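A.B. asks: So that we are looking at the same thing, I have put the structure below in structure tokens.
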Amino acid sequence: MNNRYLNGIWLVIGCCFLQLASSAQTVPAGNTNIKLNQIGFYPAATKIAVITNAKVGKFYIQNSSKKTVFTGELKQSAQSAFSGKYTYIANFTSFNKPGKYTVSILGTGSSYPFEIKESVYKNVADAAIKAFYFQRASIPLDEKYAGKWHRAEGHPDDKVLVHASAATDKRPAGTVISSPRGWYDAGDYNKYIVNSGITTATLLSLYEDFPEYMKTVQLNIPESNNRIPDVLDEILWNLRWMLTMQDPNDGGVYHKLTNANFDGMVMPDKAGATRYVVQKGTAATLDFAAVMAQASRIFKKFPDQLPGLADSCLDAAELAWQWASKNPNVVYEQDAMNKQFSPKITTGGYGDRYFSDELSWAAAELYVTTGEDEYFNNIGLGKNIGVQVPSWAQVRLLGFYTLTQHPGIQIANHPELKQLKENLLDFADSIIEGADSNAYQTVMTKAPAKFKWGSNSDAANQGILLIKAYQLSHNKKYLNSALSNLDYILGRNAAGYSYVTGYGSKSPMHPHHRPSVADGIVEPVPGLLSGGANAGMQDGVKLASIVPDEAFIDDDRSYATNEIAINWNAPIAYLANAIEALQREIVTK
């Protein structure tokens, strides 16, 4: 996930997608020097394989009967890989006949199998959302929905203590509150508002951007068939927990619900340590305000199914805004807190010292939902506002997405919004420039600096930015570039993995994820996005290579490369589902 491991190391928690997951026990034969999207390709989309040990010559597309159905010429990449070696590109975009195939090269062998068909990413797209069902606290996962990954209920969280750091006159230390539901954050069994914020917002945006498509997505969860789209049902499990994390007496939001220390590698029902809500903070409260404002305008469309929820969310958002306005710089600094209060809390920190981005995001969401200029005036727009691909610690762009995608906003009254759209497209242009020339021909493989903790979430979030740019401009270069990053995640990368568990011929079998380690099942929970290449080795696990994009190991001890986390699954869920929703608009360059 993120740098939270530098503050308090931990793992990752899982999720899985039942009926669509492919078994990982039997791996089809394939040459690992041929890197390609192991799931497959749309008939009309760009189709590329990258070969790391070839020379200029021919390549062949063969069907399941080993019959050659297409022949092409390999071309050397314009730029070398981070390893210093050049790759060779097999481009078979013009071949569009549906079926199952391999790429074959004389002297090298054949690739892992792939398919060409419509809706080729449907299963993995569904799985990435279904993953959140398997993250649920406070509910047993029944076999009907969870298959062989069914498990007992963990953490009812109906008797949670107010930690001394969070004590007030009306809720003194030791006060018992109820705070059930929610998603386990990662490998640990704790729940963090800051990371939950960007995660929930990303999934809300998936529905908000593609409502008609998301209404068709059926996930086989307990709430299915209740006249609410399944993705919103899953979001509600976490949203209702988030609402319990606001102190109703003043509007402040607790930073996290946690044990004092991390649990061992056990199933959630075996983890029975005392649970606490810990210190209110500005970051958590503003993240909460943003999510609740966004949720309010979405759930307002379901008044019969969810009476009063939209109003409750907006009330909570406005109350949180008021607390943050009075407390604009309350930093969650765990080490300092532990010097003053007990018990000491050693779980993930999610510390953030700069709140201008959280303020901007919350203001943008509240402005779009309410139309009140008080909020607009706090967004902080301007030509020189720097933006970054979103992460839990940098959320400004989330608000900018919202502002540019709601045409009802009065641009005549706020001409800055026109400039904001131009800035977003300029940013998108900057990240795709030169991507076609690098060794793997993806946006993600442009710069080695991207290969840090949770690098795969950067790839997915880059993809979201490019989807947003496509929605703003209708320029297909952005859509094709977004698809190239999905290709990267699903196998066209230097490590040669499809990084989503259970999907592709070579996917992680040993993710750093408690249930997958402790449940006694060979296959890991499917649908989880592994963190990806990271040469930092913060966990002390030695890697075979520290070349930036090769620095990955399928080892459950390696939380620096092979953990999973909700804020990583949300962007891959958005990207894969958005691509599926837009598949008929994808054409070759």
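Each chain in the structure tokens gets a letter, A, B and so on, in the order shown; residues start at 1 in every chain, and ligands are counted from 1 in the order they appear.
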Write out as number ranges by chain each polymer residue whose atoms come within 8 Å of His255 (chain A), counting only C-alpha atoms; drop sequence neighbours fewer than 5 positions from it.
C.D. replies: A: 192-194, 277-281, 284-285, 332
A.B. asks: With C-alpha atoms kept, could you save the residues just selected as a PDB file, in the first residue's frame?
C.D. replies:
ATOM      1  CA  TYR A 192      -8.638   3.295   8.822  1.00  0.00           C
ATOM      2  CA  ILE A 193     -10.693   6.327   7.782  1.00  0.00           C
ATOM      3  CA  VAL A 194      -7.940   7.981   5.725  1.00  0.00           C
ATOM      4  CA  VAL A 277     -11.242   4.306  18.219  1.00  0.00           C
ATOM      5  CA  VAL A 278      -8.219   6.582  18.218  1.00  0.00           C
ATOM      6  CA  GLN A 279      -7.695  10.354  18.046  1.00  0.00           C
ATOM      7  CA  LYS A 280      -9.715  12.606  15.773  1.00  0.00           C
ATOM      8  CA  GLY A 281      -7.724  14.303  13.040  1.00  0.00           C
ATOM      9  CA  ALA A 284      -9.672  11.843   8.560  1.00  0.00           C
ATOM     10  CA  THR A 285     -12.423  14.408   9.094  1.00  0.00           C
ATOM     11  CA  TYR A 332      -2.244  12.269  13.520  1.00  0.00           C
TER      12      TYR A 332
END
A.B. asks: Among region 343-553 of chain A, which residues does DSSP mark as helix (DSSP H, G or I) when it is run on the backbone? Keep the chain and numbering as in the structure and answer as a ChimeraX atom specification.
C.D. replies: /A:356-370,373-376,396-405,416-432,435-437,444-446,448-450,455-473,476-489,514-518,548-550
A.B. asks: Where in region 86-291 of chain A does DSSP assign strand (DSSP E), given as an MDAnalysis selection string?
C.D. replies: chainID A and resid 88:91 99:105 109:110 114:116 160:162 176:177 191:192 254:258 276:280
A.B. asks: Given the choices A:Lys421, A:Lys55, A:Lys191, A:Lys468, which gets closest to Ala565 (chain A) if the distance is worked out from only C-alpha atoms?
C.D. replies: A:Lys191
A.B. asks: Can you pull out the residues contacting region 272-276 of chain A? Cut-off 12 Å, using only C-alpha atoms, and skip same-chain residues under 5 positions away; I want them as an mmCIF file with C-alpha atoms, in the first residue's frame.
C.D. replies:
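Final file, selection10.cif:
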data_model
loop_
_atom_site.group_PDB
_atom_site.id
_atom_site.type_symbol
_atom_site.label_atom_id
_atom_site.label_comp_id
_atom_site.auth_asym_id
_atom_site.auth_seq_id
_atom_site.Cartn_x
_atom_site.Cartn_y
_atom_site.Cartn_z
ATOM 1 C CA GLU A 153 -17.502 -13.697 11.351
ATOM 2 C CA GLY A 154 -14.634 -11.558 12.516
ATOM 3 C CA HIS A 155 -14.714 -8.425 14.658
ATOM 4 C CA PRO A 156 -18.343 -7.567 15.429
ATOM 5 C CA ASP A 157 -16.982 -4.221 16.722
ATOM 6 C CA ASP A 158 -20.114 -3.584 18.763
ATOM 7 C CA LYS A 159 -18.081 -2.917 21.915
ATOM 8 C CA VAL A 160 -15.238 -0.609 20.925
ATOM 9 C CA LEU A 161 -13.471 1.579 23.491
ATOM 10 C CA VAL A 162 -12.704 5.265 23.125
ATOM 11 C CA HIS A 163 -8.918 5.507 23.412
ATOM 12 C CA ALA A 164 -7.464 8.109 25.766
ATOM 13 C CA SER A 165 -6.204 10.073 22.752
ATOM 14 C CA ALA A 166 -9.794 10.479 21.559
ATOM 15 C CA ALA A 167 -11.412 11.269 24.907
ATOM 16 C CA ALA A 173 -11.642 7.322 27.770
ATOM 17 C CA GLY A 174 -13.123 3.858 28.052
ATOM 18 C CA THR A 175 -16.541 4.825 26.726
ATOM 19 C CA VAL A 176 -18.013 1.901 24.804
ATOM 20 C CA ILE A 177 -19.336 2.627 21.324
ATOM 21 C CA SER A 178 -20.614 0.449 18.507
ATOM 22 C CA SER A 179 -18.793 0.663 15.182
ATOM 23 C CA PRO A 180 -19.529 -2.482 13.148
ATOM 24 C CA TYR A 189 -7.764 -6.477 10.685
ATOM 25 C CA ASN A 190 -7.993 -2.770 11.432
ATOM 26 C CA LYS A 191 -10.086 -0.073 9.771
ATOM 27 C CA TYR A 192 -8.638 3.295 8.822
ATOM 28 C CA MET A 245 -16.658 6.930 13.249
ATOM 29 C CA TYR A 254 -11.703 9.249 14.597
ATOM 30 C CA HIS A 255 -8.572 8.413 12.651
ATOM 31 C CA LYS A 256 -8.988 4.650 12.893
ATOM 32 C CA LEU A 257 -10.586 1.694 14.645
ATOM 33 C CA THR A 258 -7.784 -0.597 15.702
ATOM 34 C CA ASN A 259 -6.143 -3.049 18.037
ATOM 35 C CA ALA A 260 -3.282 -1.664 20.067
ATOM 36 C CA ASN A 261 -0.958 -4.029 18.155
ATOM 37 C CA PHE A 262 -1.176 -6.092 14.999
ATOM 38 C CA ASP A 263 -2.631 -9.587 15.204
ATOM 39 C CA GLY A 264 -0.697 -12.702 14.258
ATOM 40 C CA VAL A 266 -4.691 -15.891 12.019
ATOM 41 C CA MET A 267 -8.189 -15.836 10.601
ATOM 42 C CA SER A 342 -1.815 4.415 26.688
ATOM 43 C CA PRO A 343 -2.150 1.777 25.558
ATOM 44 C CA LYS A 344 0.398 2.534 22.873
ATOM 45 C CA ILE A 345 -0.934 2.071 19.340
ATOM 46 C CA THR A 347 -0.742 -0.338 13.932
#
A.B. asks: Write out as a PyMOL selection string which residues come within 8 Å of region 583-589 of chain A when counting only C-alpha atoms, dropping same-chain ones fewer than 6 positions away.
C.D. replies: chain A and resi 42+44-46+93+118-119+476-477+479-480
A.B. asks: Rank A:Gly57, A:Gly182, A:Gly109, A:Pro515 by their smallest atom-to-atom distance to Ala152 (chain A), using only C-alpha atoms, and report the top residue only.
C.D. replies: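 Ranking A:Gly57, A:Gly182, A:Gly109, A:Pro515 by distance to Ala152 (chain A), first place goes to A:Pro515.
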A.B. asks: Taking only C-alpha atoms into account, which of A:Ile228, A:Trp237, A:Ser83, A:Asn33 comes nearest Pro548 (chain A)?
C.D. replies: A:Ser83
A.B. asks: Got a sec: who's within 12 Å of Pro140 (chain A), counting only C-alpha atoms, leaving out chain neighbours fewer than 2 positions off, as a list in words?
C.D. replies: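 With the cut-off at 12 Å, the set is Tyr133, Phe134, Gln135, Arg136, Ala137, Ser138, Asp142, Glu143, Lys144, Tyr145, Ala146, Trp149, His150, Arg151, Ala152, Glu153, Gly154, His155, Pro156, Arg181, Ile221, Pro222, Met267, Pro268 and Asp269 of chain A.
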A.B. asks: Write out as a list in words which residues come within 12 Å of Gly386 (chain A) when counting only C-alpha atoms, dropping same-chain ones fewer than 3 positions away.
C.D. replies: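 Residues meeting the cut-off are Ser356, Asp357, Gly380, Leu381, Gly382, Lys383, Val389, Gln394, Val395, Arg396, Leu397, Phe400, Leu420, Asn423, Leu424, Asp426 and Phe427 of chain A.
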A.B. asks: What are the closest atom pairs, with distances in Å to one decimal, for all residues of region 117-233 of chain A lying within 10 Å of region 286-295 of chain A? Consider only C-alpha atoms, order rows by chain and residue number, and present the result as CSV.
C.D. replies:
residue,atom,partner,partner_atom,distance
A:Ile193,CA,A:Phe288,CA,7.2
A:Val194,CA,A:Asp287,CA,6.4
A:Asn195,CA,A:Asp287,CA,8.9
A:Ser196,CA,A:Asp287,CA,8.7
A:Gly197,CA,A:Asp287,CA,5.5
A:Ile198,CA,A:Asp287,CA,7.6
A:Thr199,CA,A:Val291,CA,9.5
A:Thr200,CA,A:Val291,CA,7.0
A:Ala201,CA,A:Val291,CA,5.7
A:Thr202,CA,A:Val291,CA,9.5
A:Leu204,CA,A:Ala295,CA,7.1
A:Ser205,CA,A:Gln294,CA,8.5
A:Glu208,CA,A:Gln294,CA,9.2
A:Leu232,CA,A:Ala295,CA,9.7
A.B. asks: Restricting it to N, CA and C atoms, dump the selection as a short mmCIF file (atom, residue, chain, number, x, y, z; two decimals), in the first residue's frame.
C.D. replies:
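So the final result, stored in again.cif, reads:
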data_model
loop_
_atom_site.label_atom_id
_atom_site.label_comp_id
_atom_site.auth_asym_id
_atom_site.auth_seq_id
_atom_site.Cartn_x
_atom_site.Cartn_y
_atom_site.Cartn_z
N ILE A 193 -9.87 5.38 8.52
CA ILE A 193 -10.69 6.33 7.78
C ILE A 193 -9.94 6.94 6.60
N VAL A 194 -8.68 7.31 6.79
CA VAL A 194 -7.94 7.98 5.72
C VAL A 194 -7.86 7.10 4.48
N ASN A 195 -7.45 5.86 4.64
CA ASN A 195 -7.36 4.97 3.49
C ASN A 195 -8.72 4.54 2.99
N SER A 196 -9.65 4.41 3.90
CA SER A 196 -11.01 4.07 3.51
C SER A 196 -11.63 5.19 2.67
N GLY A 197 -11.20 6.43 2.92
CA GLY A 197 -11.77 7.56 2.21
C GLY A 197 -11.53 7.49 0.72
N ILE A 198 -10.27 7.40 0.30
CA ILE A 198 -9.98 7.36 -1.13
C ILE A 198 -10.54 6.08 -1.77
N THR A 199 -10.55 4.99 -1.02
CA THR A 199 -11.07 3.73 -1.53
C THR A 199 -12.56 3.85 -1.85
N THR A 200 -13.33 4.32 -0.87
CA THR A 200 -14.77 4.44 -1.05
C THR A 200 -15.10 5.45 -2.14
N ALA A 201 -14.37 6.55 -2.17
CA ALA A 201 -14.61 7.57 -3.20
C ALA A 201 -14.35 7.03 -4.60
N THR A 202 -13.31 6.22 -4.76
CA THR A 202 -13.00 5.67 -6.08
C THR A 202 -14.11 4.75 -6.56
N LEU A 204 -17.29 4.88 -5.48
CA LEU A 204 -18.44 5.74 -5.74
C LEU A 204 -18.31 6.39 -7.12
N SER A 205 -17.11 6.82 -7.47
CA SER A 205 -16.89 7.43 -8.78
C SER A 205 -17.10 6.44 -9.92
N GLU A 208 -20.73 6.53 -10.31
CA GLU A 208 -21.17 7.85 -10.78
C GLU A 208 -20.80 8.08 -12.24
N LEU A 232 -22.95 -0.52 -5.25
CA LEU A 232 -23.40 0.40 -4.19
C LEU A 232 -23.71 -0.36 -2.91
#
A.B. asks: Find the residue from A:Ala320, A:Leu359, A:Leu36, A:Ala495 that sits nearest to Ile553 (chain A); use only C-alpha atoms when measuring.
C.D. replies: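 Among the listed residues, the smallest separation from Ile553 (chain A) belongs to A:Ala495.
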